[in-house]
Every structure is written in C-alpha cells, then in structure tokens.
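As provided, coords.pdb (PDB, C-alpha atoms) reads as follows.
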MODEL        1
ATOM      1  CA  ASP A   1     101.016 -59.963  64.127
ATOM      2  CA  THR A   2     102.921 -62.167  66.584
ATOM      3  CA  ARG A   3     101.313 -62.764  69.990
ATOM      4  CA  THR A   4     101.956 -64.920  73.029
ATOM      5  CA  SER A   5      99.348 -67.251  74.522
ATOM      6  CA  ASP A   6      98.305 -66.155  78.021
ATOM      7  CA  PHE A   7      97.519 -69.743  78.879
ATOM      8  CA  ALA A   8     100.986 -70.854  77.846
ATOM      9  CA  LEU A   9     102.644 -67.985  79.736
ATOM     10  CA  CYS A  10     100.868 -68.828  82.977
ATOM     11  CA  HIS A  11     102.385 -72.302  82.665
ATOM     12  CA  GLY A  12     105.852 -70.861  82.103
ATOM     13  CA  LEU A  13     105.767 -71.649  78.383
ATOM     14  CA  GLU A  14     106.603 -69.233  75.594
ATOM     15  CA  VAL A  15     104.387 -69.927  72.607
ATOM     16  CA  GLU A  16     104.382 -67.392  69.794
ATOM     17  CA  LEU A  17     101.248 -66.984  67.740
ATOM     18  CA  GLY A  18     101.354 -65.426  64.303
ATOM     19  CA  GLY A  19      98.428 -64.778  61.980
ATOM     20  CA  GLY A  20      95.964 -66.239  64.491
ATOM     21  CA  ALA A  21      97.650 -69.627  64.785
ATOM     22  CA  PHE A  22     100.933 -71.183  65.838
ATOM     23  CA  LEU A  23     102.873 -74.249  64.819
ATOM     24  CA  GLY A  24     106.082 -74.640  66.778
ATOM     25  CA  SER A  25     109.460 -76.190  66.079
ATOM     26  CA  SER A  26     109.264 -79.932  66.705
ATOM     27  CA  GLY A  27     107.040 -82.654  68.157
ATOM     28  CA  ASN A  28     103.280 -83.171  68.117
ATOM     29  CA  PHE A  29     101.627 -80.104  69.658
ATOM     30  CA  VAL A  30      99.681 -77.188  68.184
ATOM     31  CA  VAL A  31      98.093 -74.104  69.718
ATOM     32  CA  ASP A  32      95.374 -72.151  67.938
ATOM     33  CA  GLU A  33      93.690 -68.987  69.192
ATOM     34  CA  ARG A  34      91.172 -68.132  66.490
ATOM     35  CA  LEU A  35      88.395 -67.177  68.837
ATOM     36  CA  GLY A  36      84.958 -68.722  68.934
ATOM     37  CA  ARG A  37      85.749 -71.436  66.403
ATOM     38  CA  THR A  38      86.929 -74.272  68.596
ATOM     39  CA  SER A  39      84.686 -77.010  67.185
ATOM     40  CA  CYS A  40      85.391 -75.943  63.610
ATOM     41  CA  LEU A  41      89.140 -75.902  64.264
ATOM     42  CA  MET A  42      89.009 -79.398  65.697
ATOM     43  CA  ASP A  43      87.347 -80.650  62.527
ATOM     44  CA  GLN A  44      89.943 -78.912  60.328
ATOM     45  CA  MET A  45      92.984 -79.967  62.372
ATOM     46  CA  PRO A  46      95.601 -81.859  60.331
ATOM     47  CA  THR A  47      95.859 -85.558  61.059
ATOM     48  CA  THR A  48      99.651 -85.347  61.344
ATOM     49  CA  ILE A  49     101.496 -82.566  63.200
ATOM     50  CA  THR A  50     105.184 -82.373  62.348
ATOM     51  CA  ASP A  51     106.002 -78.805  63.345
ATOM     52  CA  ALA A  52     105.268 -78.112  67.039
ATOM     53  CA  PRO A  53     107.211 -77.590  70.320
ATOM     54  CA  LEU A  54     107.951 -80.935  71.898
ATOM     55  CA  GLU A  55     108.563 -79.415  75.349
ATOM     56  CA  VAL A  56     104.980 -78.128  75.480
ATOM     57  CA  ALA A  57     103.581 -81.550  74.650
ATOM     58  CA  ARG A  58     105.756 -83.132  77.320
ATOM     59  CA  HIS A  59     104.553 -80.541  79.841
ATOM     60  CA  TYR A  60     100.925 -81.547  79.355
ATOM     61  CA  GLN A  61     101.819 -85.221  79.145
ATOM     62  CA  ARG A  62     103.245 -84.955  82.663
ATOM     63  CA  LEU A  63     100.267 -82.976  83.961
ATOM     64  CA  LEU A  64      97.786 -85.521  82.602
ATOM     65  CA  GLY A  65      99.844 -88.581  83.524
ATOM     66  CA  LEU A  66      99.081 -90.160  80.152
ATOM     67  CA  PRO A  67     100.311 -93.741  79.734
ATOM     68  CA  GLU A  68     101.784 -94.933  76.465
ATOM     69  CA  PRO A  69     100.866 -94.897  73.647
ATOM     70  CA  TRP A  70      98.715 -91.798  74.225
ATOM     71  CA  VAL A  71     100.258 -88.416  73.431
ATOM     72  CA  VAL A  72      99.120 -84.780  73.430
ATOM     73  CA  LYS A  73      98.491 -83.789  69.840
ATOM     74  CA  ALA A  74      96.920 -80.335  70.055
ATOM     75  CA  LEU A  75      95.789 -77.582  72.380
ATOM     76  CA  LEU A  76      92.845 -75.378  71.398
ATOM     77  CA  GLU A  77      92.172 -72.264  73.468
ATOM     78  CA  ASP A  78      88.805 -70.480  73.371
ATOM     79  CA  ARG A  79      89.048 -67.228  75.353
ATOM     80  CA  THR A  80      85.423 -66.305  74.721
ATOM     81  CA  ARG A  81      84.333 -69.396  76.684
ATOM     82  CA  SER A  82      87.393 -69.607  78.951
ATOM     83  CA  SER A  83      87.989 -73.188  77.866
ATOM     84  CA  ILE A  84      90.878 -75.371  76.767
ATOM     85  CA  ASP A  85      90.590 -78.503  74.632
ATOM     86  CA  ILE A  86      93.530 -80.911  74.829
ATOM     87  CA  GLN A  87      93.423 -83.287  71.892
ATOM     88  CA  LEU A  88      94.932 -86.740  72.442
ATOM     89  CA  ASP A  89      96.150 -89.206  69.850
ATOM     90  CA  HIS A  90      98.305 -92.307  69.450
ATOM     91  CA  PRO A  91     100.980 -93.288  66.903
ATOM     92  CA  LYS A  92     100.067 -95.420  63.928
ATOM     93  CA  GLY A  93     100.663 -99.149  64.064
ATOM     94  CA  ILE A  94      99.841 -99.463  67.775
ATOM     95  CA  ARG A  95      98.062-102.578  69.025
ATOM     96  CA  PHE A  96      95.556-102.185  71.867
ATOM     97  CA  PRO A  97      94.282-104.889  74.224
ATOM     98  CA  CYS A  98      90.792-106.211  73.650
ATOM     99  CA  PRO A  99      88.658-105.004  76.600
ATOM    100  CA  HIS A 100      87.181-108.504  76.976
ATOM    101  CA  CYS A 101      90.147-110.884  76.680
ATOM    102  CA  GLN A 102      93.142-108.483  76.805
ATOM    103  CA  ALA A 103      94.595-109.935  73.593
ATOM    104  CA  ALA A 104      96.735-107.433  71.666
ATOM    105  CA  CYS A 105      94.737-106.463  68.567
ATOM    106  CA  PRO A 106      95.314-104.169  65.572
ATOM    107  CA  VAL A 107      93.311-100.960  65.251
ATOM    108  CA  HIS A 108      90.289-101.457  62.983
ATOM    109  CA  ASP A 109      89.027 -97.860  62.896
ATOM    110  CA  HIS A 110      88.207 -94.946  65.195
ATOM    111  CA  ALA A 111      84.959 -93.760  66.716
ATOM    112  CA  PRO A 112      83.817 -90.157  66.142
ATOM    113  CA  LEU A 113      85.529 -87.433  68.134
ATOM    114  CA  ARG A 114      84.539 -87.451  71.831
ATOM    115  CA  ARG A 115      84.999 -84.828  74.542
ATOM    116  CA  TRP A 116      85.450 -85.349  78.305
ATOM    117  CA  ARG A 117      85.317 -82.666  80.989
ATOM    118  CA  HIS A 118      88.548 -82.659  83.012
ATOM    119  CA  LEU A 119      89.881 -80.802  86.045
ATOM    120  CA  ASP A 120      90.068 -77.065  85.405
ATOM    121  CA  ALA A 121      93.421 -75.494  84.545
ATOM    122  CA  LEU A 122      93.480 -72.189  86.426
ATOM    123  CA  GLN A 123      90.311 -70.311  85.382
ATOM    124  CA  TYR A 124      89.882 -72.343  82.186
ATOM    125  CA  ARG A 125      87.409 -75.180  81.834
ATOM    126  CA  THR A 126      89.491 -78.046  80.508
ATOM    127  CA  TYR A 127      88.391 -80.838  78.193
ATOM    128  CA  LEU A 128      90.128 -83.876  76.747
ATOM    129  CA  THR A 129      89.206 -84.816  73.189
ATOM    130  CA  ALA A 130      90.066 -87.933  71.213
ATOM    131  CA  ARG A 131      88.764 -90.385  68.646
ATOM    132  CA  PRO A 132      88.665 -93.669  70.602
ATOM    133  CA  PRO A 133      90.181 -96.524  68.610
ATOM    134  CA  ARG A 134      88.288 -99.717  67.894
ATOM    135  CA  VAL A 135      90.201-102.968  67.561
ATOM    136  CA  LYS A 136      89.380-106.161  65.693
ATOM    137  CA  CYS A 137      89.614-109.135  68.035
ATOM    138  CA  GLN A 138      89.537-112.672  66.633
ATOM    139  CA  ASP A 139      87.209-113.793  69.423
ATOM    140  CA  HIS A 140      85.065-110.705  70.084
ATOM    141  CA  GLY A 141      84.986-108.886  66.761
ATOM    142  CA  VAL A 142      85.269-105.102  66.472
ATOM    143  CA  VAL A 143      85.147-103.487  69.915
ATOM    144  CA  SER A 144      86.043-100.123  71.454
ATOM    145  CA  VAL A 145      89.186-100.104  73.589
ATOM    146  CA  SER A 146      89.269 -99.043  77.234
ATOM    147  CA  LEU A 147      90.545 -95.501  77.744
ATOM    148  CA  PRO A 148      92.874 -94.729  80.675
ATOM    149  CA  TRP A 149      91.304 -91.360  81.520
ATOM    150  CA  ALA A 150      87.556 -92.164  81.522
ATOM    151  CA  ASP A 151      85.020 -94.953  81.851
ATOM    152  CA  HIS A 152      83.441 -96.300  78.672
ATOM    153  CA  SER A 153      80.275 -94.179  78.532
ATOM    154  CA  ALA A 154      81.281 -91.271  80.800
ATOM    155  CA  ARG A 155      81.405 -87.678  79.604
ATOM    156  CA  TRP A 156      83.966 -86.726  82.278
ATOM    157  CA  THR A 157      87.393 -87.988  83.288
ATOM    158  CA  ILE A 158      88.151 -90.235  86.251
ATOM    159  CA  ASP A 159      90.155 -87.396  87.836
ATOM    160  CA  LEU A 160      87.140 -85.070  87.704
ATOM    161  CA  GLU A 161      84.887 -87.773  89.138
ATOM    162  CA  CYS A 162      87.217 -88.212  92.131
ATOM    163  CA  LYS A 163      87.280 -84.435  92.653
ATOM    164  CA  VAL A 164      83.488 -84.254  92.485
ATOM    165  CA  ILE A 165      83.036 -87.023  95.064
ATOM    166  CA  ASP A 166      85.499 -85.371  97.479
ATOM    167  CA  THR A 167      83.800 -81.982  97.032
ATOM    168  CA  LEU A 168      80.308 -83.439  97.481
ATOM    169  CA  GLN A 169      81.345 -84.894 100.828
ATOM    170  CA  ALA A 170      82.537 -81.462 101.950
ATOM    171  CA  CYS A 171      79.561 -79.454 100.640
ATOM    172  CA  ALA A 172      76.159 -78.987 102.198
ATOM    173  CA  SER A 173      74.309 -79.399  98.892
ATOM    174  CA  ILE A 174      74.682 -80.486  95.287
ATOM    175  CA  SER A 175      74.064 -76.911  94.149
ATOM    176  CA  ALA A 176      77.019 -75.651  96.208
ATOM    177  CA  CYS A 177      79.270 -78.325  94.729
ATOM    178  CA  ALA A 178      78.106 -77.496  91.196
ATOM    179  CA  SER A 179      78.898 -73.826  91.751
ATOM    180  CA  LEU A 180      82.370 -74.530  93.100
ATOM    181  CA  LEU A 181      83.360 -76.915  90.308
ATOM    182  CA  LYS A 182      81.481 -75.147  87.483
ATOM    183  CA  VAL A 183      79.726 -78.404  86.661
ATOM    184  CA  SER A 184      76.033 -78.824  85.928
ATOM    185  CA  TRP A 185      73.632 -80.343  88.462
ATOM    186  CA  ASP A 186      72.810 -83.169  86.015
ATOM    187  CA  VAL A 187      76.480 -84.108  85.645
ATOM    188  CA  LEU A 188      76.881 -84.247  89.426
ATOM    189  CA  GLN A 189      73.840 -86.487  89.729
ATOM    190  CA  SER A 190      75.235 -88.801  87.035
ATOM    191  CA  ILE A 191      78.613 -88.977  88.759
ATOM    192  CA  MET A 192      76.946 -89.753  92.090
ATOM    193  CA  ALA A 193      74.856 -92.543  90.558
ATOM    194  CA  SER A 194      77.917 -94.006  88.826
ATOM    195  CA  ALA A 195      79.985 -93.929  92.023
ATOM    196  CA  VAL A 196      77.230 -95.594  94.067
ATOM    197  CA  ALA A 197      76.714 -98.325  91.445
ATOM    198  CA  ARG A 198      80.451 -99.009  91.322
ATOM    199  CA  GLY A 199      80.643 -99.172  95.109
ATOM    200  CA  LEU A 200      77.740-101.614  95.334
ATOM    201  CA  THR A 201      79.403-104.021  92.913
ATOM    202  CA  LYS A 202      82.459-104.159  95.189
ATOM    203  CA  ARG A 203      80.482-104.964  98.334
ATOM    204  CA  SER A 204      80.642-108.476  99.705
ATOM    205  CA  LEU A 205      78.470-110.188 102.288
ATOM    206  CA  ASP A 206      81.054-112.892 102.935
ATOM    207  CA  GLY A 207      81.456-113.427 106.671
ATOM    208  CA  LEU A 208      78.410-111.330 107.591
ATOM    209  CA  ARG A 209      76.577-112.905 110.524
ATOM    210  CA  TRP A 210      74.456-110.107 111.977
ATOM    211  CA  LEU A 211      72.579-107.226 110.410
ATOM    212  CA  GLY A 212      71.156-104.336 112.437
ATOM    213  CA  LEU A 213      68.466-101.943 111.178
ATOM    214  CA  ASP A 214      67.467 -98.644 112.715
ATOM    215  CA  GLU A 215      64.181 -96.805 112.309
TER     216      GLU A 215
ENDMDL
END

Represent the structure contained in this file as structure tokens.
Amino acid sequence: DTRTSDFALCHGLEVELGGGAFLGSSGNFVVDERLGRTSCLMDQMPTTITDAPLEVARHYQRLLGLPEPWVVKALLEDRTRSSIDIQLDHPKGIRFPCPHCQAACPVHDHAPLRRWRHLDALQYRTYLTARPPRVKCQDHGVVSVSLPWADHSARWTIDLECKVIDTLQACASISACASLLKVSWDVLQSIMASAVARGLTKRSLDGLRWLGLDE
C-alpha cells in the first residue's frame, strides 16, 4: 500500500507513503497522511526524527526563510480539511537571547504546542506549529523567547499579516478580504488593530509646527 503525497508532488517532491505514513531516508522531516487525525498525530509525533528526507526539509526551510536554529521537523497533511501543518523545532543545547536584555540563555523548558496561520500553499491552508522555548535569564528569570515568524501573542505569522494588510487596502470591504484569504472576519479585525497600534507607536511629533483639521 505505497502511495505518493499529492502535496509533495505539486512541489516537485517524490514522497512515498506506505501503511498510511512515511518516514524517509535522512534528516528531520516526516509526512503523515492518516486522514482526519491531525491533532492526534501531532501529540503522538516522536520527539526525535532520524529517518526522513533531508531535501524535503531543506525545501520548506527555503520557502519559510527560517533563521537558525529553527528547522522543519514534520509535515502533517489533512486532506479532509485541505490543510497542512508544518512543525518547527530546534536542536538541543541551543541558547536563545533573552527578549529583554538579549543575553544568551539556556533553554529552561517549552511552552505547550502553539499553531499560527501562515500563507496558503496552493489550495491548502497552511499552519506553523511549534513549542516555543522558554529561557532562564539571570536578570529576568524564566521568559518566553521571541519567535522570528510571529509576534508574541499573535495567532498568525508576520507574513500573513503583511498579506492581509496589502489585501485590505485593495478590497472594498473586510468581508471581501476575508473571502479571498480564507481568514475569519475576527482575525482580520485583530490584525488591523495590531497594525494600527504598531504604527501609532512609531509616530513622532518631533518637528511638527502646524496641525490642520478638516470637518
């Protein structure tokens, strides 16, 4: 019962699937197609992958633009929901900068698994998943590290936020933007509020001499 992942084929990748799951030849990547069990599979995923195709991991590393030490660990495809979960991880022994003082600190533990909506890959809704590490800083205690793909409390990636803002400027309504991007109205509202708040913090009144107000 050997199959080939449609999602992998459309990316020019040959990934054989036998018995409902596939572990490749080398690296840190796994593909699983047992339908309708994505969340369960994520919970049961081994903590160390030693048998997977390295070229597939590198393919997604390039697409995501992940900085070191982050790597693609697993890919979970759910055809019933037309979604892809890309699980990210980092090697053991890595030191992360404290988000407050930037001092290199050892990993203390990891937060529970989180999921961020990302830009769609073809017709598939795409999500990034990871357990954010927490470091122990001598000055600030145990704190969560900053992640390169999303803001601290966001449920979407920075790339998706930029896409949403560009699309909102081109659309006549929030509903039209939500339909195009397959994102909920509430998420769009949250992204808009976050973007406005961030823009206001960067404004400066230095050098302002005159202010005009219209009706």

Leaving out Ala150 of chain A and any residue of its chain fewer than 3 positions from it, which residues lie within 12 Å of it when counting all atoms listed in the file, given as a PyMOL selection string? chain A and resi 66+114-118+127-130+132+145-147+153-162+191

Residues within 10 Å of Tyr60 of chain A, please, as number ranges by chain. Count only C-alpha atoms; anything in the same chain fewer than 4 positions from it doesn't count. A: 11, 29, 55-56, 64-66, 71-72, 75, 86

Between atom CA of His108 of chain A and atom CA of Arg134 of chain A lies a distance of 5.6 Å

Which one of A:Lys136, A:Pro97, A:Tyr124, A:Leu213 sits closest to Asp109 of chain A if you count all atoms listed in the file?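 Once distances to Asp109 of chain A are computed over all atoms listed in the file, the minimum belongs to A:Lys136.
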
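Minimum distance to Leu54 of chain A across A:Thr126, A:Thr167, A:Ala74, A:Pro69 (counting all atoms listed in the file) occurs at A:Ala74.
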
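If you look at atom CA of His100 of chain A and atom CA of Cys137 of chain A, they are 9.3 Å away from each other.
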
Going by the chain IDs and residue numbers used in this file, which residues fall under the PyMOL selection byres ((chain A and resi 111) around 6)? Write them as a list in words.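 Applying the expression gives His110, Pro112, Arg131 and Pro132 of chain A.
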
Using all atoms listed in the file: which of A:Val183, A:Leu205, A:Val196, A:Ile94 has the shortest distance to Val164 of chain A: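 Among the listed residues, A:Val183 lies closest to Val164 of chain A.
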
Using atom CA of His90 of chain A and atom CA of Trp70 of chain A as the two end points, give the distance in Å to one decimal. 4.8 Å

Every residue with an atom at most 12 Å from (95.0, -108.2, 75.3) (file coordinates; only C-alpha atoms) is what I'm after, so could you write them as a list in words? Arg95, Phe96, Pro97, Cys98, Pro99, His100, Cys101, Gln102, Ala103, Ala104, Cys105, Pro106, Val135, Lys136, Cys137, Gln138, Asp139, His140, Val145 and Ser146 of chain A

Requested write-out: C-alpha atoms of the selected residues, as a tab-separated table (two decimals), in the coordinates of the input:
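Heads up, here's the output in selection-v2.tsv:
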chain	number	residue	atom	x	y	z
A	95	ARG	CA	98.06	-102.58	69.03
A	96	PHE	CA	95.56	-102.18	71.87
A	97	PRO	CA	94.28	-104.89	74.22
A	98	CYS	CA	90.79	-106.21	73.65
A	99	PRO	CA	88.66	-105.00	76.60
A	100	HIS	CA	87.18	-108.50	76.98
A	101	CYS	CA	90.15	-110.88	76.68
A	102	GLN	CA	93.14	-108.48	76.81
A	103	ALA	CA	94.60	-109.94	73.59
A	104	ALA	CA	96.74	-107.43	71.67
A	105	CYS	CA	94.74	-106.46	68.57
A	106	PRO	CA	95.31	-104.17	65.57
A	135	VAL	CA	90.20	-102.97	67.56
A	136	LYS	CA	89.38	-106.16	65.69
A	137	CYS	CA	89.61	-109.14	68.04
A	138	GLN	CA	89.54	-112.67	66.63
A	139	ASP	CA	87.21	-113.79	69.42
A	140	HIS	CA	85.06	-110.70	70.08
A	145	VAL	CA	89.19	-100.10	73.59
A	146	SER	CA	89.27	-99.04	77.23

Sel. within 9 Å of pt (92.9, -74.1, 83.1), counting all atoms listed in the file, output as a PDB file with C-alpha atoms, in the frame of the given file:
ATOM      1  CA  PHE A   7      97.519 -69.743  78.879  1.00  0.00           C
ATOM      2  CA  SER A  82      87.393 -69.607  78.951  1.00  0.00           C
ATOM      3  CA  SER A  83      87.989 -73.188  77.866  1.00  0.00           C
ATOM      4  CA  ILE A  84      90.878 -75.371  76.767  1.00  0.00           C
ATOM      5  CA  LEU A 119      89.881 -80.802  86.045  1.00  0.00           C
ATOM      6  CA  ASP A 120      90.068 -77.065  85.405  1.00  0.00           C
ATOM      7  CA  ALA A 121      93.421 -75.494  84.545  1.00  0.00           C
ATOM      8  CA  LEU A 122      93.480 -72.189  86.426  1.00  0.00           C
ATOM      9  CA  GLN A 123      90.311 -70.311  85.382  1.00  0.00           C
ATOM     10  CA  TYR A 124      89.882 -72.343  82.186  1.00  0.00           C
ATOM     11  CA  ARG A 125      87.409 -75.180  81.834  1.00  0.00           C
ATOM     12  CA  THR A 126      89.491 -78.046  80.508  1.00  0.00           C
TER      13      THR A 126
END
